[in-house]
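Read through the structure below, which is laid out as structure tokens, and then see the notes.
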Amino acid sequence: MKFNSEFIHKNVPIKHLVTFNIGGNADYFYTADSIDAICGAVDYANKKNLPVFILGGGSNLVVSDKGIEGLVIHNLCEDICTVDKEKMQIKLSSGFPLSKLVDIALNESFAGAEFFAGIPGSIGGAICGNAGAYGKSISDILVSCDIIDSEGKIRTVDKTYLQFDYRMSRVKKEPIVVLSAVFQLKDGDKKEIQSKIDEILEQRHSKHPDKSVGCAGSFFKNLPPKNGETRRQAAGLFLDKVGAKSLSVGGASVFEKHANFIINKGNATAEDVKQLAKILKEKVKKEFDITLEEEVRYVGRE
């Protein structure tokens, strides 16, 4: 469907679209179900001088209690889904859940996407935050993206343009909108891929909050490796050692099974979460002289 400004609504509650189930209203809200609709909405916002925030799967976000200014575009775009069997490449619209990439790769016996099994959120969100797990990041398999750049132009860029770093990309820092993405995978054995997916999902189920629990995902970034090592140091280990699992502020609490998750016990506010995060950072700084950095994004009004 093409963009139609009549479907832009004012003062819309969005916390039910965020996995944390926290936050105020969007000043303006539009649901985009096609790339044409996203492009039209961004163009509309630029002409009206409205800031744009793209909302995908709603994970990794702490939305301000005061809401989000400008236009929030809910990206439900799923109009591109192609597989190049010869090149072993998959192209997907940015509104697809990341699980779609995992499922298609498994079905085609393509290896390389199984590490992202169980990670919530959308393709676009995964690229924005360079999502990953088990030492792998989405940038490892990304080839190129179709984007709307910071000047409002539609273009195709390779992954170097997006300046990926650990849980970071140019998309996170600039008004860039990811429309679709191409991923490069490799030949694999379907049974081995399925086995790896099952193993990862079981590990996640045993350590992570259930989907019914309000949670943004891993709250703090893991720390750089020790000298001579390649694996990052888990932030949860340091949080565990300072007694994080016993801490809460208002409706926000540290998850009992994993210290790097903050959960919403049902009535948490963004301010509760920020205050709890501040306490956790102070404790780790005091005990280990380590400064934790949020992996989640604080969005909306200060």
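By convention in this document, the chains of the structure tokens carry letters A, B, ... by their order, each chain's residues are numbered from 1, and ligands are numbered from 1 in the order they are shown.
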| said: Would you pick out the contacts of A:Lys211 at 12 Å or less, using only C-alpha atoms, so that residues sharing its chain but fewer than 2 positions from it are not included, and give the list as number ranges by chain? | reply: A: 18-21, 59, 118-121, 204-205, 208-209, 213-217, 263-264
Just the selected residues (N, CA, C and O atoms), exported as a PDB file, in the first residue's frame, please.
```
ATOM      1  N   VAL A  18       6.300  -2.257  22.289  1.00  0.00           N
ATOM      2  CA  VAL A  18       7.684  -2.328  22.773  1.00  0.00           C
ATOM      3  C   VAL A  18       7.794  -3.512  23.722  1.00  0.00           C
ATOM      4  O   VAL A  18       6.930  -3.695  24.594  1.00  0.00           O
ATOM      5  N   THR A  19       8.822  -4.334  23.584  1.00  0.00           N
ATOM      6  CA  THR A  19       8.912  -5.563  24.388  1.00  0.00           C
ATOM      7  C   THR A  19       9.030  -5.280  25.877  1.00  0.00           C
ATOM      8  O   THR A  19       8.692  -6.139  26.691  1.00  0.00           O
ATOM      9  N   PHE A  20       9.492  -4.091  26.250  1.00  0.00           N
ATOM     10  CA  PHE A  20       9.585  -3.712  27.664  1.00  0.00           C
ATOM     11  C   PHE A  20       8.209  -3.334  28.220  1.00  0.00           C
ATOM     12  O   PHE A  20       8.010  -3.266  29.436  1.00  0.00           O
ATOM     13  N   ASN A  21       7.263  -3.026  27.326  1.00  0.00           N
ATOM     14  CA  ASN A  21       5.924  -2.564  27.713  1.00  0.00           C
ATOM     15  C   ASN A  21       6.000  -1.335  28.614  1.00  0.00           C
ATOM     16  O   ASN A  21       5.329  -1.230  29.638  1.00  0.00           O
ATOM     17  N   SER A  59      12.216  -4.331  20.480  1.00  0.00           N
ATOM     18  CA  SER A  59      13.167  -4.795  21.505  1.00  0.00           C
ATOM     19  C   SER A  59      14.322  -3.804  21.617  1.00  0.00           C
ATOM     20  O   SER A  59      14.492  -2.922  20.779  1.00  0.00           O
ATOM     21  N   GLY A 118      16.268 -16.930  18.036  1.00  0.00           N
ATOM     22  CA  GLY A 118      15.763 -16.492  19.331  1.00  0.00           C
ATOM     23  C   GLY A 118      15.969 -15.025  19.643  1.00  0.00           C
ATOM     24  O   GLY A 118      15.461 -14.522  20.655  1.00  0.00           O
ATOM     25  N   ILE A 119      16.719 -14.306  18.811  1.00  0.00           N
ATOM     26  CA  ILE A 119      16.899 -12.869  19.045  1.00  0.00           C
ATOM     27  C   ILE A 119      15.629 -12.157  18.575  1.00  0.00           C
ATOM     28  O   ILE A 119      15.228 -12.305  17.414  1.00  0.00           O
ATOM     29  N   PRO A 120      14.971 -11.406  19.443  1.00  0.00           N
ATOM     30  CA  PRO A 120      13.736 -10.718  19.048  1.00  0.00           C
ATOM     31  C   PRO A 120      14.036  -9.515  18.160  1.00  0.00           C
ATOM     32  O   PRO A 120      15.191  -9.134  17.981  1.00  0.00           O
ATOM     33  N   GLY A 121      12.994  -8.924  17.628  1.00  0.00           N
ATOM     34  CA  GLY A 121      13.167  -7.709  16.845  1.00  0.00           C
ATOM     35  C   GLY A 121      13.152  -7.963  15.353  1.00  0.00           C
ATOM     36  O   GLY A 121      13.017  -9.096  14.884  1.00  0.00           O
ATOM     37  N   ARG A 204      18.740 -20.104  25.497  1.00  0.00           N
ATOM     38  CA  ARG A 204      18.005 -18.854  25.722  1.00  0.00           C
ATOM     39  C   ARG A 204      16.816 -19.080  26.657  1.00  0.00           C
ATOM     40  O   ARG A 204      16.550 -18.270  27.541  1.00  0.00           O
ATOM     41  N   HIS A 205      16.120 -20.196  26.443  1.00  0.00           N
ATOM     42  CA  HIS A 205      14.954 -20.495  27.269  1.00  0.00           C
ATOM     43  C   HIS A 205      15.342 -20.677  28.736  1.00  0.00           C
ATOM     44  O   HIS A 205      14.589 -20.285  29.641  1.00  0.00           O
ATOM     45  N   HIS A 208      17.010 -16.700  29.769  1.00  0.00           N
ATOM     46  CA  HIS A 208      16.402 -15.417  29.448  1.00  0.00           C
ATOM     47  C   HIS A 208      14.947 -15.357  29.909  1.00  0.00           C
ATOM     48  O   HIS A 208      14.282 -16.385  30.030  1.00  0.00           O
ATOM     49  N   PRO A 209      14.428 -14.145  30.141  1.00  0.00           N
ATOM     50  CA  PRO A 209      13.023 -14.010  30.527  1.00  0.00           C
ATOM     51  C   PRO A 209      12.100 -14.535  29.437  1.00  0.00           C
ATOM     52  O   PRO A 209      12.408 -14.442  28.246  1.00  0.00           O
ATOM     53  N   VAL A 213       7.184 -11.723  29.662  1.00  0.00           N
ATOM     54  CA  VAL A 213       7.733 -10.790  30.654  1.00  0.00           C
ATOM     55  C   VAL A 213       8.269  -9.554  29.940  1.00  0.00           C
ATOM     56  O   VAL A 213       9.006  -9.663  28.964  1.00  0.00           O
ATOM     57  N   GLY A 214       7.906  -8.378  30.423  1.00  0.00           N
ATOM     58  CA  GLY A 214       8.411  -7.140  29.843  1.00  0.00           C
ATOM     59  C   GLY A 214       9.918  -7.032  30.010  1.00  0.00           C
ATOM     60  O   GLY A 214      10.420  -7.032  31.132  1.00  0.00           O
ATOM     61  N   CYS A 215      10.628  -6.949  28.898  1.00  0.00           N
ATOM     62  CA  CYS A 215      12.088  -6.926  28.937  1.00  0.00           C
ATOM     63  C   CYS A 215      12.602  -6.400  27.607  1.00  0.00           C
ATOM     64  O   CYS A 215      12.042  -6.712  26.554  1.00  0.00           O
ATOM     65  N   ALA A 216      13.692  -5.627  27.645  1.00  0.00           N
ATOM     66  CA  ALA A 216      14.239  -5.066  26.410  1.00  0.00           C
ATOM     67  C   ALA A 216      15.283  -5.964  25.774  1.00  0.00           C
ATOM     68  O   ALA A 216      15.700  -5.729  24.644  1.00  0.00           O
ATOM     69  N   GLY A 217      15.717  -7.011  26.495  1.00  0.00           N
ATOM     70  CA  GLY A 217      16.837  -7.834  26.044  1.00  0.00           C
ATOM     71  C   GLY A 217      18.056  -7.542  26.893  1.00  0.00           C
ATOM     72  O   GLY A 217      17.949  -6.913  27.959  1.00  0.00           O
ATOM     73  N   ILE A 263      13.811  -6.428  34.069  1.00  0.00           N
ATOM     74  CA  ILE A 263      12.449  -6.776  33.665  1.00  0.00           C
ATOM     75  C   ILE A 263      11.433  -5.792  34.240  1.00  0.00           C
ATOM     76  O   ILE A 263      11.685  -5.128  35.256  1.00  0.00           O
ATOM     77  N   ASN A 264      10.300  -5.732  33.568  1.00  0.00           N
ATOM     78  CA  ASN A 264       9.167  -4.921  34.007  1.00  0.00           C
ATOM     79  C   ASN A 264       8.211  -5.843  34.762  1.00  0.00           C
ATOM     80  O   ASN A 264       7.605  -6.726  34.166  1.00  0.00           O
TER      81      ASN A 264
END
```
| said: Just want the 6 Å neighbourhood of stretch 95-111 of chain A, counted on only C-alpha atoms, with same-chain residues fewer than 4 positions away dropped. Output as number ranges by chain. | reply: A: 75-78, 121-123, 185-190
| request: One decimal, Å: what's the distance from atom CA of A:Asp240 over to atom CA of A:Gln275, could you say? | output: 18.0 Å
Name all residues at most 9 Å from A:Ile200 (count only C-alpha atoms; drop same-chain ones fewer than 3 positions away) and give them as a PDB file with N, CA, C and O atoms, in the first residue's frame.
```
ATOM      1  N   GLU A 114      22.089 -19.210  11.854  1.00  0.00           N
ATOM      2  CA  GLU A 114      21.558 -19.939  13.011  1.00  0.00           C
ATOM      3  C   GLU A 114      21.918 -19.286  14.341  1.00  0.00           C
ATOM      4  O   GLU A 114      21.204 -19.445  15.335  1.00  0.00           O
ATOM      5  N   PHE A 115      23.006 -18.505  14.362  1.00  0.00           N
ATOM      6  CA  PHE A 115      23.448 -17.857  15.604  1.00  0.00           C
ATOM      7  C   PHE A 115      22.455 -16.791  16.073  1.00  0.00           C
ATOM      8  O   PHE A 115      22.496 -16.351  17.219  1.00  0.00           O
ATOM      9  N   PHE A 116      21.563 -16.374  15.188  1.00  0.00           N
ATOM     10  CA  PHE A 116      20.609 -15.312  15.521  1.00  0.00           C
ATOM     11  C   PHE A 116      19.245 -15.876  15.926  1.00  0.00           C
ATOM     12  O   PHE A 116      18.296 -15.120  16.126  1.00  0.00           O
ATOM     13  N   ALA A 117      19.168 -17.180  16.080  1.00  0.00           N
ATOM     14  CA  ALA A 117      17.925 -17.813  16.528  1.00  0.00           C
ATOM     15  C   ALA A 117      17.530 -17.290  17.904  1.00  0.00           C
ATOM     16  O   ALA A 117      18.353 -17.189  18.807  1.00  0.00           O
ATOM     17  N   GLY A 118      16.268 -16.930  18.036  1.00  0.00           N
ATOM     18  CA  GLY A 118      15.763 -16.492  19.331  1.00  0.00           C
ATOM     19  C   GLY A 118      15.969 -15.025  19.643  1.00  0.00           C
ATOM     20  O   GLY A 118      15.461 -14.522  20.655  1.00  0.00           O
ATOM     21  N   SER A 195      20.139 -28.531  14.529  1.00  0.00           N
ATOM     22  CA  SER A 195      20.675 -28.904  15.834  1.00  0.00           C
ATOM     23  C   SER A 195      21.235 -27.686  16.558  1.00  0.00           C
ATOM     24  O   SER A 195      21.010 -27.516  17.769  1.00  0.00           O
ATOM     25  N   LYS A 196      21.946 -26.821  15.815  1.00  0.00           N
ATOM     26  CA  LYS A 196      22.519 -25.609  16.420  1.00  0.00           C
ATOM     27  C   LYS A 196      21.414 -24.652  16.865  1.00  0.00           C
ATOM     28  O   LYS A 196      21.478 -24.064  17.948  1.00  0.00           O
ATOM     29  N   ILE A 197      20.387 -24.509  16.036  1.00  0.00           N
ATOM     30  CA  ILE A 197      19.252 -23.645  16.391  1.00  0.00           C
ATOM     31  C   ILE A 197      18.582 -24.155  17.666  1.00  0.00           C
ATOM     32  O   ILE A 197      18.291 -23.372  18.583  1.00  0.00           O
ATOM     33  N   GLN A 203      19.279 -22.831  25.283  1.00  0.00           N
ATOM     34  CA  GLN A 203      20.089 -21.989  26.167  1.00  0.00           C
ATOM     35  C   GLN A 203      19.361 -20.689  26.493  1.00  0.00           C
ATOM     36  O   GLN A 203      19.355 -20.247  27.648  1.00  0.00           O
ATOM     37  N   ARG A 204      18.740 -20.104  25.497  1.00  0.00           N
ATOM     38  CA  ARG A 204      18.005 -18.854  25.722  1.00  0.00           C
ATOM     39  C   ARG A 204      16.816 -19.080  26.657  1.00  0.00           C
ATOM     40  O   ARG A 204      16.550 -18.270  27.541  1.00  0.00           O
ATOM     41  N   HIS A 205      16.120 -20.196  26.443  1.00  0.00           N
ATOM     42  CA  HIS A 205      14.954 -20.495  27.269  1.00  0.00           C
ATOM     43  C   HIS A 205      15.342 -20.677  28.736  1.00  0.00           C
ATOM     44  O   HIS A 205      14.589 -20.285  29.641  1.00  0.00           O
TER      45      HIS A 205
END
```
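Pairwise distance (atom CA of A:Ala37, atom CA of A:Asn4) equals 7.7 Å.
Across A:Leu71, A:Leu61, A:Lys221, A:Lys191, the tightest approach to A:Gly125 is made by A:Leu61 when counting only C-alpha atoms.
Around stretch 224-226 of chain A, within 10 Å and counting only C-alpha atoms, the residues found are Tyr166, Arg231, Arg232, Gln233, Ala234 and Ala235 of chain A, once anything fewer than 5 positions away on its own chain is removed.
Of the residues under consideration (A:Val177, A:Val182, A:Ile80, A:Val62), A:Val62 shows the shortest atom-to-atom contact distance to A:Glu294 when counting only C-alpha atoms.
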Any idea what's packed within 9 Å of A:Ala131, counting only C-alpha atoms, ignoring anything in its chain fewer than 2 positions away? Could you give it as a JSON list (two decimals) with C-alpha atoms, in the first residue's frame?
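The result, stored in result22.json:
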```json
[["chain", "number", "residue", "atom", "x", "y", "z"],
["A", 116, "PHE", "CA", 20.61, -15.31, 15.52],
["A", 119, "ILE", "CA", 16.90, -12.87, 19.04],
["A", 125, "GLY", "CA", 16.47, -3.16, 14.17],
["A", 126, "ALA", "CA", 19.08, -5.90, 14.08],
["A", 127, "ILE", "CA", 21.11, -3.92, 11.55],
["A", 128, "CYS", "CA", 20.69, -0.69, 13.53],
["A", 129, "GLY", "CA", 22.10, -2.28, 16.71],
["A", 133, "ALA", "CA", 25.16, -13.57, 19.99],
["A", 136, "LYS", "CA", 28.62, -13.41, 15.84],
["A", 137, "SER", "CA", 27.04, -10.15, 14.67],
["A", 138, "ILE", "CA", 24.54, -9.45, 11.90],
["A", 139, "SER", "CA", 27.20, -7.39, 10.10],
["A", 166, "TYR", "CA", 30.10, -3.87, 18.47],
["A", 167, "ARG", "CA", 26.32, -3.38, 18.92],
["A", 168, "MET", "CA", 26.63, -0.14, 16.96]]
```
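Put simply, atom CA of A:Asp27 is 25.1 Å away from atom CA of A:Arg170.
Secondary structure from DSSP on the backbone puts alpha helix (DSSP H) at the following positions of stretch 55-128 of chain A: Leu98, Ser99, Lys100, Leu101, Val102, Asp103, Ile104, Ala105, Leu106, Asn107, Ile123, Gly124, Gly125, Ala126, Ile127 and Cys128 of chain A.
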| said: Please identify the strand (DSSP E) residues within stretch 89-220 of chain A (assignment by DSSP from backbone atoms) and present them as an MDAnalysis selection string. | reply: chainID A and resid 89:93 110:111 132:133 136:137 142:148 154:158 177:184 186:187 214:215
Output of the above residues as a CSV table (one decimal), in the first residue's frame, restricted to N, CA, C and O atoms:
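And here's out36.csv as it stands now:
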```csv
chain,number,residue,atom,x,y,z
A,89,GLN,N,22.3,-16.2,-1.2
A,89,GLN,CA,22.0,-14.9,-0.7
A,89,GLN,C,20.5,-14.8,-0.4
A,89,GLN,O,19.7,-15.3,-1.2
A,90,ILE,N,20.1,-14.1,0.6
A,90,ILE,CA,18.7,-13.8,1.0
A,90,ILE,C,18.5,-12.3,1.1
A,90,ILE,O,19.3,-11.6,1.8
A,91,LYS,N,17.5,-11.8,0.4
A,91,LYS,CA,17.1,-10.4,0.5
A,91,LYS,C,15.8,-10.3,1.2
A,91,LYS,O,14.8,-10.9,0.8
A,92,LEU,N,15.7,-9.4,2.2
A,92,LEU,CA,14.5,-9.3,3.0
A,92,LEU,C,14.2,-7.8,3.3
A,92,LEU,O,15.1,-7.0,3.5
A,93,SER,N,12.9,-7.5,3.3
A,93,SER,CA,12.5,-6.1,3.7
A,93,SER,C,12.8,-6.0,5.2
A,93,SER,O,12.9,-7.0,6.0
A,110,PHE,N,21.2,-23.2,4.2
A,110,PHE,CA,22.3,-22.1,4.2
A,110,PHE,C,22.7,-22.0,5.7
A,110,PHE,O,21.9,-21.8,6.6
A,111,ALA,N,24.0,-22.0,5.9
A,111,ALA,CA,24.6,-21.9,7.2
A,111,ALA,C,25.1,-20.4,7.4
A,111,ALA,O,25.4,-19.7,6.5
A,132,GLY,N,23.6,-9.5,17.7
A,132,GLY,CA,24.3,-10.8,17.6
A,132,GLY,C,24.3,-11.6,18.9
A,132,GLY,O,23.8,-11.2,19.9
A,133,ALA,N,25.0,-12.7,18.8
A,133,ALA,CA,25.2,-13.6,20.0
A,133,ALA,C,26.2,-14.6,19.6
A,133,ALA,O,26.5,-14.9,18.5
A,136,LYS,N,29.0,-13.8,17.2
A,136,LYS,CA,28.6,-13.4,15.8
A,136,LYS,C,27.7,-12.2,15.9
A,136,LYS,O,27.0,-12.0,16.8
A,137,SER,N,27.9,-11.3,14.8
A,137,SER,CA,27.0,-10.2,14.7
A,137,SER,C,26.4,-10.2,13.3
A,137,SER,O,26.9,-10.8,12.3
A,142,LEU,N,26.0,-9.6,6.5
A,142,LEU,CA,25.4,-8.6,5.7
A,142,LEU,C,26.2,-8.2,4.5
A,142,LEU,O,27.4,-8.1,4.6
A,143,VAL,N,25.6,-8.1,3.3
A,143,VAL,CA,26.3,-7.7,2.1
A,143,VAL,C,26.0,-6.2,1.8
A,143,VAL,O,26.9,-5.4,1.6
A,144,SER,N,24.7,-5.9,1.7
A,144,SER,CA,24.3,-4.5,1.3
A,144,SER,C,22.9,-4.2,1.8
A,144,SER,O,22.2,-5.1,2.3
A,145,CYS,N,22.6,-2.9,1.8
A,145,CYS,CA,21.2,-2.5,2.2
A,145,CYS,C,20.7,-1.4,1.3
A,145,CYS,O,21.5,-0.6,0.7
A,146,ASP,N,19.4,-1.4,1.1
A,146,ASP,CA,18.7,-0.3,0.5
A,146,ASP,C,18.3,0.6,1.6
A,146,ASP,O,17.7,0.1,2.6
A,147,ILE,N,18.7,1.9,1.5
A,147,ILE,CA,18.4,2.8,2.6
A,147,ILE,C,17.8,4.1,2.1
A,147,ILE,O,17.9,4.4,1.0
A,148,ILE,N,17.2,4.9,3.1
A,148,ILE,CA,17.0,6.3,2.9
A,148,ILE,C,18.1,7.0,3.7
A,148,ILE,O,18.2,6.8,4.9
A,154,ILE,N,17.1,7.8,-1.6
A,154,ILE,CA,17.1,6.3,-1.6
A,154,ILE,C,18.3,5.8,-2.3
A,154,ILE,O,18.6,6.2,-3.5
A,155,ARG,N,19.1,4.9,-1.7
A,155,ARG,CA,20.3,4.4,-2.3
A,155,ARG,C,20.6,3.0,-1.8
A,155,ARG,O,20.1,2.6,-0.8
A,156,THR,N,21.5,2.3,-2.6
A,156,THR,CA,22.0,1.0,-2.1
A,156,THR,C,23.4,1.2,-1.7
A,156,THR,O,24.2,1.8,-2.4
A,157,VAL,N,23.7,0.7,-0.5
A,157,VAL,CA,25.0,0.9,0.1
A,157,VAL,C,25.6,-0.5,0.5
A,157,VAL,O,24.8,-1.4,0.9
A,158,ASP,N,26.9,-0.6,0.5
A,158,ASP,CA,27.4,-1.9,1.1
A,158,ASP,C,27.6,-1.7,2.6
A,158,ASP,O,27.5,-0.6,3.1
A,177,VAL,N,17.4,5.3,7.3
A,177,VAL,CA,16.3,4.3,7.4
A,177,VAL,C,16.7,3.1,6.5
A,177,VAL,O,16.9,3.3,5.3
A,178,VAL,N,16.7,1.9,7.1
A,178,VAL,CA,17.0,0.7,6.4
A,178,VAL,C,15.7,0.2,5.8
A,178,VAL,O,14.7,0.0,6.5
A,179,LEU,N,15.7,0.0,4.5
A,179,LEU,CA,14.5,-0.5,3.7
A,179,LEU,C,14.5,-2.0,3.5
A,179,LEU,O,13.5,-2.7,3.7
A,180,SER,N,15.7,-2.5,3.1
A,180,SER,CA,15.9,-3.9,2.9
A,180,SER,C,17.3,-4.3,3.0
A,180,SER,O,18.2,-3.4,3.0
A,181,ALA,N,17.6,-5.6,3.1
A,181,ALA,CA,19.0,-6.0,3.3
A,181,ALA,C,19.3,-7.3,2.6
A,181,ALA,O,18.4,-8.2,2.4
A,182,VAL,N,20.5,-7.5,2.1
A,182,VAL,CA,21.0,-8.7,1.5
A,182,VAL,C,22.0,-9.4,2.4
A,182,VAL,O,22.9,-8.8,2.8
A,183,PHE,N,21.8,-10.7,2.6
A,183,PHE,CA,22.7,-11.4,3.5
A,183,PHE,C,23.4,-12.6,2.7
A,183,PHE,O,22.7,-13.2,1.9
A,184,GLN,N,24.6,-12.7,3.0
A,184,GLN,CA,25.4,-13.8,2.4
A,184,GLN,C,25.6,-14.9,3.3
A,184,GLN,O,26.2,-14.8,4.4
A,186,LYS,N,26.3,-19.5,3.5
A,186,LYS,CA,27.2,-20.5,2.9
A,186,LYS,C,26.5,-21.9,3.0
A,186,LYS,O,25.5,-22.1,3.7
A,187,ASP,N,27.0,-22.8,2.2
A,187,ASP,CA,26.4,-24.1,2.1
A,187,ASP,C,26.5,-24.8,3.4
A,187,ASP,O,27.6,-24.8,4.1
A,214,GLY,N,7.9,-8.4,30.4
A,214,GLY,CA,8.4,-7.1,29.8
A,214,GLY,C,9.9,-7.0,30.0
A,214,GLY,O,10.4,-7.0,31.1
A,215,CYS,N,10.6,-6.9,28.9
A,215,CYS,CA,12.1,-6.9,28.9
A,215,CYS,C,12.6,-6.4,27.6
A,215,CYS,O,12.0,-6.7,26.6
```
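Of the residues under consideration (A:Val284, A:Met88, A:Met1, A:Ala26), A:Ala26 shows the shortest atom-to-atom contact distance to A:Gly67 when counting only C-alpha atoms.
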| task | For each of A:Glu192, A:Lys257, A:His74, A:Ile22, take the minimum atom-to-atom distance to A:Lys274, counting only C-alpha atoms, then give the residue where this is smallest. | result | A:Ile22
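Using only C-alpha atoms, the shortest contact distance between A:Gly112 and any of A:Gln163, A:Val63, A:Gln194, A:Ala41 is found at A:Gln194.
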| Selected residue of minimal separation from A:Ile8 among A:Ile262, A:Val242, A:Ile176, A:Ala32, counting only C-alpha atoms | A:Ala32
